[in-house]
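File shown here: data.txt, holding compact mmCIF, C-alpha atoms.
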```
# COMPACT_ATOMS: atom_id res chain seq x y z
CA MET A 1 22.52 23.90 2.37
CA SER A 2 24.79 21.14 1.14
CA THR A 3 23.06 18.27 -0.55
CA ALA A 4 25.89 16.34 -2.15
CA THR A 5 27.81 13.90 0.02
CA GLU A 6 31.09 12.07 -0.06
CA THR A 7 32.19 9.06 1.91
CA GLY A 8 35.23 9.84 3.92
CA PRO A 9 37.99 7.42 4.91
CA GLY A 10 36.78 4.74 7.25
CA ARG A 11 33.13 5.62 6.84
CA GLU A 12 31.15 2.40 7.22
CA GLY A 13 27.59 3.63 7.58
CA VAL A 14 24.77 2.06 5.63
CA LEU A 15 22.87 5.29 4.97
CA PRO A 16 24.31 7.98 2.72
CA GLY A 17 25.38 11.10 4.60
CA GLY A 18 24.56 14.78 4.32
CA THR A 19 21.53 16.94 5.11
CA GLY A 20 20.00 16.31 1.70
CA VAL A 21 19.24 12.71 2.61
CA TRP A 22 16.30 13.72 4.81
CA TRP A 23 14.68 15.94 2.20
CA PHE A 24 15.21 13.23 -0.42
CA THR A 25 13.72 10.59 1.87
CA SER A 26 10.73 12.73 2.89
CA ALA A 27 9.86 13.76 -0.66
CA GLY A 28 10.31 10.25 -2.06
CA LEU A 29 8.32 8.68 0.76
CA LEU A 30 5.37 11.02 0.26
CA ASN A 31 5.55 10.51 -3.51
CA SER A 32 5.49 6.71 -3.19
CA LEU A 33 2.79 6.88 -0.52
CA GLY A 34 0.58 8.54 -3.11
CA THR A 35 1.40 5.78 -5.60
CA GLY A 36 0.64 2.96 -3.18
CA PHE A 37 -2.36 4.73 -1.71
CA PHE A 38 -4.06 4.70 -5.07
CA LEU A 39 -2.57 1.60 -6.68
CA SER A 40 -4.83 -1.05 -5.16
CA PHE A 41 -8.03 0.79 -6.08
CA ALA A 42 -7.18 2.16 -9.53
CA LEU A 43 -9.82 0.28 -11.51
CA LEU A 44 -12.57 0.85 -8.95
CA PHE A 45 -11.61 4.51 -8.60
CA PHE A 46 -11.91 5.20 -12.32
CA GLN A 47 -15.11 3.20 -12.58
CA ASP A 48 -16.60 5.31 -9.80
CA VAL A 49 -15.43 8.85 -10.58
CA ALA A 50 -15.40 8.59 -14.39
CA ALA A 51 -18.65 6.59 -14.55
CA LEU A 52 -17.13 4.22 -17.11
CA PRO A 53 -17.54 0.43 -17.43
CA LEU A 54 -14.76 -1.59 -15.82
CA ALA A 55 -13.74 -3.16 -19.15
CA THR A 56 -13.40 0.29 -20.71
CA VAL A 57 -11.25 1.47 -17.81
CA GLY A 58 -8.94 -1.55 -18.07
CA THR A 59 -8.56 -1.22 -21.83
CA GLY A 60 -7.98 2.52 -21.56
CA LEU A 61 -5.27 2.17 -18.92
CA THR A 62 -3.46 -0.48 -20.98
CA ALA A 63 -3.63 1.73 -24.07
CA VAL A 64 -2.30 4.72 -22.14
CA THR A 65 0.56 2.64 -20.69
CA LEU A 66 1.69 1.72 -24.21
CA ALA A 67 0.99 5.15 -25.72
CA VAL A 68 3.40 6.99 -23.42
CA LEU A 69 6.35 4.73 -24.21
CA PRO A 70 7.33 6.56 -27.45
CA LEU A 71 7.59 9.73 -25.35
CA MET A 72 10.34 8.31 -23.12
CA SER A 73 13.10 9.79 -25.26
CA VAL A 74 11.51 13.22 -24.78
CA LEU A 75 11.48 12.74 -21.01
CA GLY A 76 15.11 11.62 -21.12
CA ARG A 77 16.19 14.72 -23.03
CA LEU A 78 14.18 16.86 -20.64
CA ALA A 79 15.86 15.24 -17.65
CA ASP A 80 19.30 15.94 -19.10
CA ARG A 81 18.36 19.55 -19.86
CA VAL A 82 16.59 20.68 -16.68
CA GLY A 83 18.01 18.28 -14.10
CA PRO A 84 16.35 15.62 -11.94
CA ARG A 85 14.98 17.89 -9.20
CA THR A 86 13.02 20.03 -11.66
CA LEU A 87 11.81 16.89 -13.46
CA LEU A 88 10.57 15.38 -10.18
CA ILE A 89 8.77 18.56 -9.17
CA GLY A 90 7.09 18.74 -12.57
CA ALA A 91 6.15 15.04 -12.39
CA ALA A 92 4.58 15.41 -8.95
CA LEU A 93 2.64 18.50 -10.02
CA ALA A 94 1.42 16.72 -13.17
CA ARG A 95 0.16 13.77 -11.14
CA SER A 96 -1.49 16.06 -8.62
CA ALA A 97 -3.25 17.96 -11.43
CA ALA A 98 -4.33 14.69 -13.07
CA PHE A 99 -6.00 13.37 -9.92
CA ALA A 100 -7.68 16.68 -9.25
CA GLY A 101 -8.90 16.60 -12.87
CA PHE A 102 -10.31 13.07 -12.49
CA LEU A 103 -12.66 14.39 -9.82
CA ALA A 104 -14.00 17.19 -12.02
CA ALA A 105 -13.96 15.76 -15.56
CA ASP A 106 -16.45 13.38 -17.19
CA GLY A 107 -16.32 11.14 -20.23
CA LEU A 108 -13.88 8.81 -21.93
CA THR A 109 -11.81 11.51 -23.67
CA ALA A 110 -11.13 13.41 -20.45
CA PHE A 111 -10.28 10.14 -18.70
CA LEU A 112 -7.73 9.17 -21.36
CA VAL A 113 -6.07 12.61 -21.44
CA LEU A 114 -5.75 12.79 -17.66
CA ALA A 115 -4.61 9.17 -17.45
CA MET A 116 -1.85 9.93 -19.95
CA LEU A 117 -0.78 12.96 -17.91
CA SER A 118 -0.66 10.80 -14.78
CA SER A 119 1.23 8.04 -16.58
CA LEU A 120 3.81 10.50 -17.93
CA GLY A 121 4.28 11.86 -14.42
CA ALA A 122 4.82 8.36 -13.07
CA ARG A 123 7.40 7.56 -15.77
CA ALA A 124 9.17 10.86 -15.17
CA GLU A 125 9.36 10.05 -11.46
CA GLN A 126 10.91 6.66 -12.21
CA ILE A 127 13.56 8.43 -14.31
CA GLY A 128 14.12 11.37 -11.98
CA SER A 129 14.40 9.59 -8.64
CA PRO A 130 17.48 7.44 -9.40
CA LEU A 131 18.93 10.32 -11.41
CA LEU A 132 18.62 12.66 -8.43
CA ALA A 133 20.06 9.96 -6.17
CA VAL A 134 23.27 9.59 -8.18
CA THR A 135 23.53 13.37 -8.61
CA LEU A 136 23.40 13.90 -4.86
CA ALA A 137 25.85 11.05 -4.29
CA GLY A 138 28.71 12.74 -6.13
CA THR A 139 31.45 10.66 -7.72
CA THR A 140 32.00 8.01 -5.04
CA LYS A 141 30.87 4.56 -6.20
CA ALA A 142 29.91 3.39 -2.70
CA GLU A 143 27.80 6.49 -2.08
CA ARG A 144 26.10 6.06 -5.45
CA GLY A 145 25.01 2.59 -4.48
CA ARG A 146 23.76 3.72 -1.08
CA TRP A 147 21.73 6.59 -2.50
CA LEU A 148 20.17 4.25 -5.07
CA ALA A 149 19.42 1.71 -2.33
CA LEU A 150 17.81 4.47 -0.28
CA SER A 151 15.69 5.44 -3.29
CA ARG A 152 14.44 1.85 -3.67
CA THR A 153 13.86 1.46 0.07
CA VAL A 154 11.82 4.65 0.25
CA PHE A 155 9.76 3.67 -2.79
CA ASN A 156 8.99 0.16 -1.55
CA ALA A 157 8.17 1.31 1.97
CA GLY A 158 5.97 4.14 0.71
CA VAL A 159 4.02 1.98 -1.74
CA GLY A 160 3.45 -0.69 0.92
CA CYS A 161 2.33 1.78 3.57
CA GLY A 162 0.22 3.69 1.07
CA ALA A 163 -1.62 0.54 0.00
CA LEU A 164 -2.23 -0.37 3.64
CA LEU A 165 -3.50 3.11 4.44
CA GLY A 166 -5.77 3.15 1.39
CA GLY A 167 -7.23 -0.20 2.38
CA LEU A 168 -7.92 1.01 5.91
CA LEU A 169 -9.67 4.15 4.68
CA VAL A 170 -11.83 2.23 2.20
CA GLY A 171 -12.71 -0.19 4.99
CA ARG A 172 -13.83 2.74 7.14
CA GLY A 173 -16.19 4.01 4.49
CA PHE A 174 -14.15 6.70 2.71
CA GLY A 175 -15.34 7.13 -0.86
CA TYR A 176 -13.12 6.84 -3.92
CA ALA A 177 -13.42 10.57 -4.56
CA SER A 178 -11.88 11.19 -1.13
CA LEU A 179 -8.98 8.88 -2.02
CA GLY A 180 -8.44 10.80 -5.25
CA LEU A 181 -8.38 14.13 -3.43
CA MET A 182 -5.92 12.84 -0.82
CA THR A 183 -3.70 11.48 -3.60
CA ALA A 184 -3.70 14.86 -5.39
CA VAL A 185 -2.75 16.66 -2.16
CA GLY A 186 -0.03 14.12 -1.42
CA PHE A 187 1.67 14.64 -4.77
CA LEU A 188 1.45 18.41 -4.33
CA LEU A 189 3.20 18.18 -0.96
CA ALA A 190 5.85 15.89 -2.46
CA ALA A 191 6.62 18.56 -5.08
CA LEU A 192 7.14 21.11 -2.28
CA LEU A 193 9.48 18.76 -0.40
CA TYR A 194 11.76 18.47 -3.43
CA LEU A 195 12.35 22.25 -3.41
CA PRO A 196 15.03 22.28 -0.64
CA LEU A 197 17.12 19.91 -2.77
CA GLY A 198 18.10 22.93 -4.86
CA GLY A 199 21.36 24.20 -6.11
CA ARG A 200 23.50 23.38 -9.10
CA SER A 201 24.12 19.79 -7.99
CA ALA A 202 20.43 18.92 -8.28
CA ASP A 203 19.66 20.90 -11.45
CA ARG A 204 22.65 20.30 -13.69
CA THR A 205 22.52 20.74 -17.43
CA ASP A 206 25.03 19.72 -20.01
CA ALA A 207 27.23 22.80 -19.77
CA THR A 208 29.82 21.43 -22.16
CA ALA A 209 27.26 20.81 -24.87
CA ALA A 210 25.68 24.20 -24.26
CA ARG A 211 29.03 25.98 -24.71
CA SER A 212 29.70 24.11 -27.94
CA GLY A 213 26.21 24.78 -29.28
CA THR A 214 25.37 21.07 -29.36
CA PRO A 215 22.04 20.11 -27.80
CA PRO A 216 22.42 17.57 -24.95
CA GLU A 217 20.40 14.95 -26.80
CA GLU A 218 22.85 15.10 -29.72
CA ALA A 219 25.97 14.84 -27.55
CA GLY A 220 25.92 11.05 -27.77
CA GLY A 221 24.35 8.19 -29.69
CA SER A 222 21.18 6.34 -28.88
CA PRO A 223 21.42 4.15 -25.77
CA TRP A 224 20.18 1.25 -27.89
CA ARG A 225 23.45 1.40 -29.84
CA ASP A 226 25.35 0.65 -26.63
CA PRO A 227 25.66 -3.17 -26.32
CA ARG A 228 26.32 -2.97 -22.60
CA PHE A 229 23.15 -0.97 -22.01
CA VAL A 230 21.12 -3.34 -24.18
CA ARG A 231 22.28 -6.40 -22.20
CA VAL A 232 21.57 -4.89 -18.80
CA ALA A 233 18.29 -3.23 -19.84
CA LEU A 234 16.93 -6.45 -21.35
CA ALA A 235 18.02 -8.46 -18.31
CA GLY A 236 16.31 -5.96 -16.05
CA ALA A 237 13.15 -6.00 -18.19
CA LEU A 238 12.91 -9.79 -18.03
CA LEU A 239 13.24 -9.69 -14.27
CA PHE A 240 10.71 -6.85 -14.06
CA LEU A 241 8.27 -8.91 -16.14
CA ALA A 242 8.79 -11.80 -13.75
CA ALA A 243 8.21 -9.50 -10.76
CA ALA A 244 5.04 -7.97 -12.20
CA ALA A 245 3.74 -11.40 -13.20
CA LEU A 246 4.39 -12.82 -9.75
CA GLU A 247 2.61 -9.92 -8.07
CA SER A 248 -0.43 -10.48 -10.28
CA ALA A 249 -0.35 -14.28 -10.04
CA VAL A 250 0.13 -14.87 -6.32
CA PRO A 251 -3.40 -13.96 -5.15
CA VAL A 252 -5.06 -15.98 -7.94
CA TYR A 253 -2.72 -18.97 -7.51
CA LEU A 254 -3.07 -19.13 -3.74
CA LEU A 255 -6.81 -18.58 -3.50
CA THR A 256 -8.26 -20.25 -6.60
CA VAL A 257 -5.64 -22.87 -7.53
CA LEU A 258 -4.32 -23.97 -4.13
CA GLY A 259 -7.47 -23.13 -2.21
CA LEU A 260 -5.56 -21.50 0.67
CA PRO A 261 -7.21 -19.08 3.10
CA GLY A 262 -7.14 -15.36 2.30
CA TRP A 263 -4.71 -14.50 5.09
CA THR A 264 -1.89 -16.27 3.26
CA VAL A 265 -1.92 -13.66 0.48
CA GLY A 266 -1.67 -10.75 2.90
CA ALA A 267 1.01 -12.53 4.91
CA LEU A 268 3.21 -13.15 1.86
CA PHE A 269 2.97 -9.56 0.63
CA ALA A 270 3.61 -8.27 4.17
CA LEU A 271 6.72 -10.46 4.30
CA ASN A 272 7.88 -9.10 0.96
CA THR A 273 7.28 -5.47 2.00
CA ALA A 274 9.02 -5.87 5.35
CA LEU A 275 12.10 -7.51 3.84
CA LEU A 276 12.36 -4.84 1.13
CA ALA A 277 12.06 -2.01 3.64
CA LEU A 278 14.49 -3.44 6.18
CA GLY A 279 16.93 -5.38 4.04
CA GLN A 280 17.67 -3.26 0.94
CA LEU A 281 20.17 -0.86 2.50
CA PRO A 282 22.26 -3.38 4.49
CA LEU A 283 22.27 -5.88 1.61
CA SER A 284 23.38 -3.26 -0.91
CA ARG A 285 26.20 -2.33 1.47
CA ARG A 286 27.47 -5.92 1.32
CA LEU A 287 27.33 -6.00 -2.48
CA GLU A 288 29.34 -2.83 -3.10
CA HIS A 289 32.67 -4.53 -3.85
CA HIS A 290 31.44 -7.50 -5.88
CA SER A 291 31.36 -7.83 -9.66
CA PRO A 292 27.96 -6.78 -11.09
CA GLY A 293 27.92 -9.78 -13.42
CA ARG A 294 28.38 -12.25 -10.60
CA VAL A 295 25.86 -10.45 -8.41
CA LEU A 296 23.23 -10.39 -11.15
CA SER A 297 23.80 -14.04 -12.00
CA ALA A 298 23.53 -15.04 -8.33
CA GLY A 299 20.36 -13.00 -7.92
CA ALA A 300 18.83 -14.55 -11.05
CA LEU A 301 19.66 -18.06 -9.81
CA ILE A 302 18.02 -17.34 -6.43
CA ALA A 303 14.96 -16.04 -8.29
CA THR A 304 14.78 -19.21 -10.41
CA VAL A 305 14.85 -21.50 -7.38
CA SER A 306 12.25 -19.34 -5.65
CA PHE A 307 9.86 -19.49 -8.59
CA LEU A 308 10.12 -23.27 -8.72
CA LEU A 309 9.08 -23.51 -5.07
CA PHE A 310 5.58 -22.23 -5.91
CA PRO A 311 4.49 -25.39 -7.79
CA VAL A 312 6.18 -27.42 -5.04
CA ALA A 313 3.86 -25.70 -2.55
CA GLY A 314 0.94 -26.71 -4.75
CA ALA A 315 2.03 -30.35 -4.74
CA LEU A 316 2.47 -30.34 -0.96
CA GLY A 317 -0.91 -28.78 -0.41
CA ALA A 318 -2.60 -31.75 -2.02
CA GLY A 319 -1.76 -34.05 0.87
CA ASN A 320 -0.28 -32.10 3.75
CA GLY A 321 -2.70 -29.23 4.36
CA THR A 322 -2.17 -25.52 4.66
CA GLY A 323 0.83 -25.61 6.99
CA ALA A 324 3.28 -27.30 4.63
CA SER A 325 2.19 -25.18 1.67
CA ALA A 326 2.43 -21.95 3.69
CA ALA A 327 5.96 -22.81 4.85
CA VAL A 328 7.18 -23.45 1.31
CA LEU A 329 5.43 -20.34 0.05
CA ALA A 330 7.12 -18.26 2.77
CA ALA A 331 10.50 -19.67 1.70
CA ALA A 332 9.68 -18.93 -1.94
CA MET A 333 8.68 -15.33 -1.20
CA THR A 334 11.74 -14.79 0.99
CA GLY A 335 14.04 -16.08 -1.74
CA TRP A 336 12.34 -13.97 -4.40
CA THR A 337 12.54 -10.85 -2.23
CA VAL A 338 16.27 -11.36 -1.63
CA SER A 339 16.82 -11.79 -5.36
CA GLU A 340 14.66 -8.73 -6.03
CA MET A 341 16.82 -6.61 -3.71
CA ILE A 342 19.97 -7.93 -5.36
CA VAL A 343 19.11 -7.66 -9.04
CA PHE A 344 17.15 -4.41 -9.21
CA GLN A 345 19.69 -2.58 -7.04
CA THR A 346 22.55 -3.84 -9.22
CA VAL A 347 20.72 -3.01 -12.46
CA ALA A 348 20.14 0.54 -11.19
CA VAL A 349 23.79 0.97 -10.24
CA VAL A 350 25.01 -0.30 -13.61
CA LEU A 351 22.52 1.69 -15.70
CA THR A 352 23.49 4.93 -13.96
CA SER A 353 27.20 4.14 -14.30
CA ILE A 354 27.34 3.24 -18.00
CA PRO A 355 26.63 6.71 -19.48
CA THR A 356 28.34 10.00 -18.84
CA GLU A 357 26.58 12.38 -16.46
CA ARG A 358 25.01 14.38 -19.30
CA ARG A 359 23.47 11.20 -20.81
CA ARG A 360 22.05 9.53 -17.70
CA GLY A 361 18.56 10.88 -18.26
CA ALA A 362 18.48 9.50 -21.80
CA TYR A 363 19.66 6.07 -20.64
CA LEU A 364 17.20 5.85 -17.76
CA ALA A 365 14.39 6.98 -20.06
CA ALA A 366 15.32 4.36 -22.67
CA ASN A 367 15.21 1.73 -19.94
CA GLN A 368 11.59 2.67 -19.23
CA ILE A 369 10.54 1.35 -22.66
CA PRO A 370 11.14 -2.37 -22.00
CA VAL A 371 9.93 -1.88 -18.42
CA GLY A 372 6.72 -0.34 -19.74
CA VAL A 373 6.21 -3.18 -22.21
CA ALA A 374 6.71 -5.68 -19.38
CA THR A 375 4.16 -3.82 -17.26
CA ALA A 376 1.60 -3.92 -20.06
CA LEU A 377 2.20 -7.60 -20.89
CA ALA A 378 2.25 -9.01 -17.36
CA PRO A 379 -1.55 -9.26 -16.75
CA LEU A 380 -2.21 -10.89 -20.14
CA PHE A 381 0.73 -13.24 -19.68
CA VAL A 382 -0.43 -14.32 -16.22
CA THR A 383 -4.08 -14.86 -17.11
CA SER A 384 -3.15 -16.87 -20.22
CA MET A 385 -0.75 -19.13 -18.34
CA LEU A 386 -3.06 -19.68 -15.38
CA ALA A 387 -5.87 -20.65 -17.74
CA VAL A 388 -3.71 -23.30 -19.45
CA ARG A 389 -1.58 -24.79 -16.67
CA PRO A 390 -0.97 -22.80 -13.46
CA ALA A 391 2.23 -24.57 -12.39
CA ALA A 392 3.78 -23.93 -15.80
CA LEU A 393 3.63 -20.19 -15.15
CA PHE A 394 6.34 -20.49 -12.51
CA TRP A 395 8.51 -22.63 -14.76
CA VAL A 396 8.35 -19.88 -17.36
CA LEU A 397 9.19 -17.25 -14.74
CA GLY A 398 12.20 -19.33 -13.73
CA ALA A 399 13.30 -19.49 -17.37
CA LEU A 400 12.99 -15.70 -17.65
CA ALA A 401 15.19 -15.26 -14.58
CA LEU A 402 17.80 -17.68 -15.93
CA THR A 403 17.85 -15.83 -19.25
CA ALA A 404 18.37 -12.54 -17.44
CA GLY A 405 21.28 -13.99 -15.50
CA PHE A 406 22.82 -15.29 -18.72
CA LEU A 407 22.55 -11.85 -20.37
CA ALA A 408 24.23 -10.11 -17.45
CA ARG A 409 26.85 -12.72 -16.58
CA LYS A 410 29.75 -10.82 -18.22
CA GLU A 411 28.89 -7.41 -16.81
CA SER A 412 32.12 -5.82 -15.59
CA PRO A 413 32.66 -3.61 -12.54
CA THR A 414 31.85 0.05 -12.99
CA PRO A 415 34.22 2.83 -12.00
```
Structure rendered as structure tokens:
Amino acid sequence: MSTATETGPGREGVLPGGTGVWWFTSAGLLNSLGTGFFLSFALLFFQDVAALPLATVGTGLTAVTLAVLPLMSVLGRLADRVGPRTLLIGAALARSAAFAGFLAADGLTAFLVLAMLSSLGARAEQIGSPLLAVTLAGTTKAERGRWLALSRTVFNAGVGCGALLGGLLVGRGFGYASLGLMTAVGFLLAALLYLPLGGRSADRTDATAARSGTPPEEAGGSPWRDPRFVRVALAGALLFLAAAALESAVPVYLLTVLGLPGWTVGALFALNTALLALGQLPLSRRLEHHSPGRVLSAGALIATVSFLLFPVAGALGAGNGTGASAAVLAAAMTGWTVSEMIVFQTVAVVLTSIPTERRRGAYLAANQIPVGVATALAPLFVTSMLAVRPAALFWVLGALALTAGFLARKESPTP
């Protein structure tokens, strides 16, 4: 079965071609469904099945998030050695085993060990999925972008649908242990769906380094010595911090600061999910022939304007009721979602294009370090800013986006 694809002359499709696209989509969708299915109920799940206080669970998860970051270089070397398909299968099996273990183990130590296994699996998936996408795409730049856009589309759609499904099941009385069991089974099935994406194209190793006796991890320098990688990775991390902060801040800002009804939160996140699922592939198709620096700068500028609309909605709400605020908030979320599709797609394309094929795993793993730090800092950042001056949070987010655009403004086209 052929899994790699090439874009022939005159091919104008949005989706990448080849039979491998359906296996990749099915496996990635089931994987992200498991992530979204569990994501909204993580704290309550651990409090229930591990019988631990909520504060202990929150502290433990933050500690685990930071503790796995030094292991990213190991995951990167592993990805370059065994290939992305094997890494993804191992990651899905690790997450499946972790969730099965949560249901059987008791105590803080078992919770921390299993949480670290789950976190490592999640990080490995975030490295392996784009790596597998560019491997299956072959050498064509346009196909690389389309496969990466497909990877993001599948992830966003799966997380959104998984969260919705989890909410429906909890609403119908399913216990948290049932959610954990379903999540474990889902990751196990995802591992099986990656199997048909076999062959040398999906499990490449650094053959040149192997013949010369040089380990793959020693075939090049650290990604952090590459100025181009540093610029793009830091720009992406700033934007990721802004994204994580916005996701955490929106419910609190809308409900407790603006006093809007609860449906506005669900409506905004539904708008975001729908735009990401439907717009990522066609938008990425339109960006294929534009300079990455200009695209990233434009996306960062759109993000800045969108962030500044949130305090505007707060000012309008003071005298014009829910309708005016909701309209501005919808415009703000639409603008942010468009910028999100632009910048994260472009960052992924650039980060997978900078290194040679045998170093992509190391580069993607190194990128997970600032992303992980941003993930850990976002809740503390949001709660601190909201406690001091809520509107100022969005000014800071706008400044982060502008800084990211400045860092990436000189990024040149990739071959």
Which residues are close to Leu103 (chain A), i.e. within 12 Å by all atoms listed in the file, leaving aside same-chain residues fewer than 5 positions away? Reply as a compact mmCIF listing (two decimals) with C-alpha atoms, keeping the file's coordinate frame.
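Heads up, here's the output in selection-v3.txt:
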```txt
# COMPACT_ATOMS: atom_id res chain seq x y z
CA PHE A 45 -11.61 4.51 -8.60
CA PHE A 46 -11.91 5.20 -12.32
CA GLN A 47 -15.11 3.20 -12.58
CA ASP A 48 -16.60 5.31 -9.80
CA VAL A 49 -15.43 8.85 -10.58
CA ALA A 50 -15.40 8.59 -14.39
CA ALA A 51 -18.65 6.59 -14.55
CA SER A 96 -1.49 16.06 -8.62
CA ALA A 97 -3.25 17.96 -11.43
CA ALA A 98 -4.33 14.69 -13.07
CA ALA A 110 -11.13 13.41 -20.45
CA PHE A 111 -10.28 10.14 -18.70
CA LEU A 114 -5.75 12.79 -17.66
CA GLY A 175 -15.34 7.13 -0.86
CA TYR A 176 -13.12 6.84 -3.92
CA ALA A 177 -13.42 10.57 -4.56
CA SER A 178 -11.88 11.19 -1.13
CA LEU A 179 -8.98 8.88 -2.02
CA GLY A 180 -8.44 10.80 -5.25
CA LEU A 181 -8.38 14.13 -3.43
CA MET A 182 -5.92 12.84 -0.82
CA THR A 183 -3.70 11.48 -3.60
CA ALA A 184 -3.70 14.86 -5.39
```
Restricting to all atoms listed in the file, whichever of A:Ser222, A:Thr273, A:Ser353, A:Ser325 is closest to Thr153 (chain A) is A:Thr273
Computed gap from CA of Ala327 (chain A) to CA of Val154 (chain A) is 28.5 Å
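When CA of Leu43 (chain A) is paired with CA of Pro70 (chain A), their separation reads 24.2 Å.
Within 8 Å of the point (-9.8, -20.1, -11.6), counting all atoms listed in the file, the protein and nucleic acid residues come to Val252, Thr256, Val257, Leu386 and Ala387 of chain A.
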Can you tell me which residues surround Ala237 (chain A) at a distance of at most 12 Å, considering only C-alpha atoms, apart from same-chain residues fewer than 4 positions away, and format the answer as number ranges by chain? A: 229-233, 241-245, 343-344, 347-348, 366-378, 400-401, 403-405, 407-408
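Nearest residue to Val64 (chain A) among A:Thr25, A:Ser118, A:Thr356, A:Thr86 is A:Ser118, counting all atoms listed in the file.
Here the question is which of A:Leu93, A:Leu301, A:Leu260, A:Leu165 gets nearest to Gly323 (chain A) using all atoms listed in the file, and that residue is A:Leu260.
With all atoms listed in the file as the atoms that count, the minimum distance from Val396 (chain A) to the choices A:Leu66, A:Val250, A:Leu283, A:Val382 is reached by A:Val382.
Taking only C-alpha atoms into account, Glu288 (chain A) lies nearest to A:Leu148 out of the set A:Val57, A:Leu148, A:Ala326, A:Ala63.
Remark: for Ala79 (chain A), the closest of the candidate residues A:Leu29, A:Ala55, A:Ala365, A:Leu276 is A:Ala365 (distances computed over only C-alpha atoms).
Across the model, the gap from CA of Leu281 (chain A) to CA of Arg146 (chain A) is 6.8 Å.
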Kindly list the centre and edge lengths in Å, rounded to one decimal, for the axis-aligned box that covers all listed atoms of region 259-277 of chain A plus 6 Å on each of its six sides, as AutoDock Vina command-line options.
```
--center_x 2.4 --center_y -12.6 --center_z 1.6 --size_x 31.8 --size_y 33.1 --size_z 19.6
```
Contacts of Thr264 (chain A) at 10 Å (all atoms listed in the file; same-chain gap of 6+ positions) as a ChimeraX atom specification
/A:250-251,254-255,270,322,325-326,329-330
I need the chosen residues saved as a PDB file, keeping the file's coordinate frame, with C-alpha atoms.
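What landed in out_1.pdb:
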```pdb
ATOM      1  CA  VAL A 250       0.130 -14.870  -6.320  1.00  0.00           C
ATOM      2  CA  PRO A 251      -3.400 -13.960  -5.150  1.00  0.00           C
ATOM      3  CA  LEU A 254      -3.070 -19.130  -3.740  1.00  0.00           C
ATOM      4  CA  LEU A 255      -6.810 -18.580  -3.500  1.00  0.00           C
ATOM      5  CA  ALA A 270       3.610  -8.270   4.170  1.00  0.00           C
ATOM      6  CA  THR A 322      -2.170 -25.520   4.660  1.00  0.00           C
ATOM      7  CA  SER A 325       2.190 -25.180   1.670  1.00  0.00           C
ATOM      8  CA  ALA A 326       2.430 -21.950   3.690  1.00  0.00           C
ATOM      9  CA  LEU A 329       5.430 -20.340   0.050  1.00  0.00           C
ATOM     10  CA  ALA A 330       7.120 -18.260   2.770  1.00  0.00           C
TER      11      ALA A 330
END
```
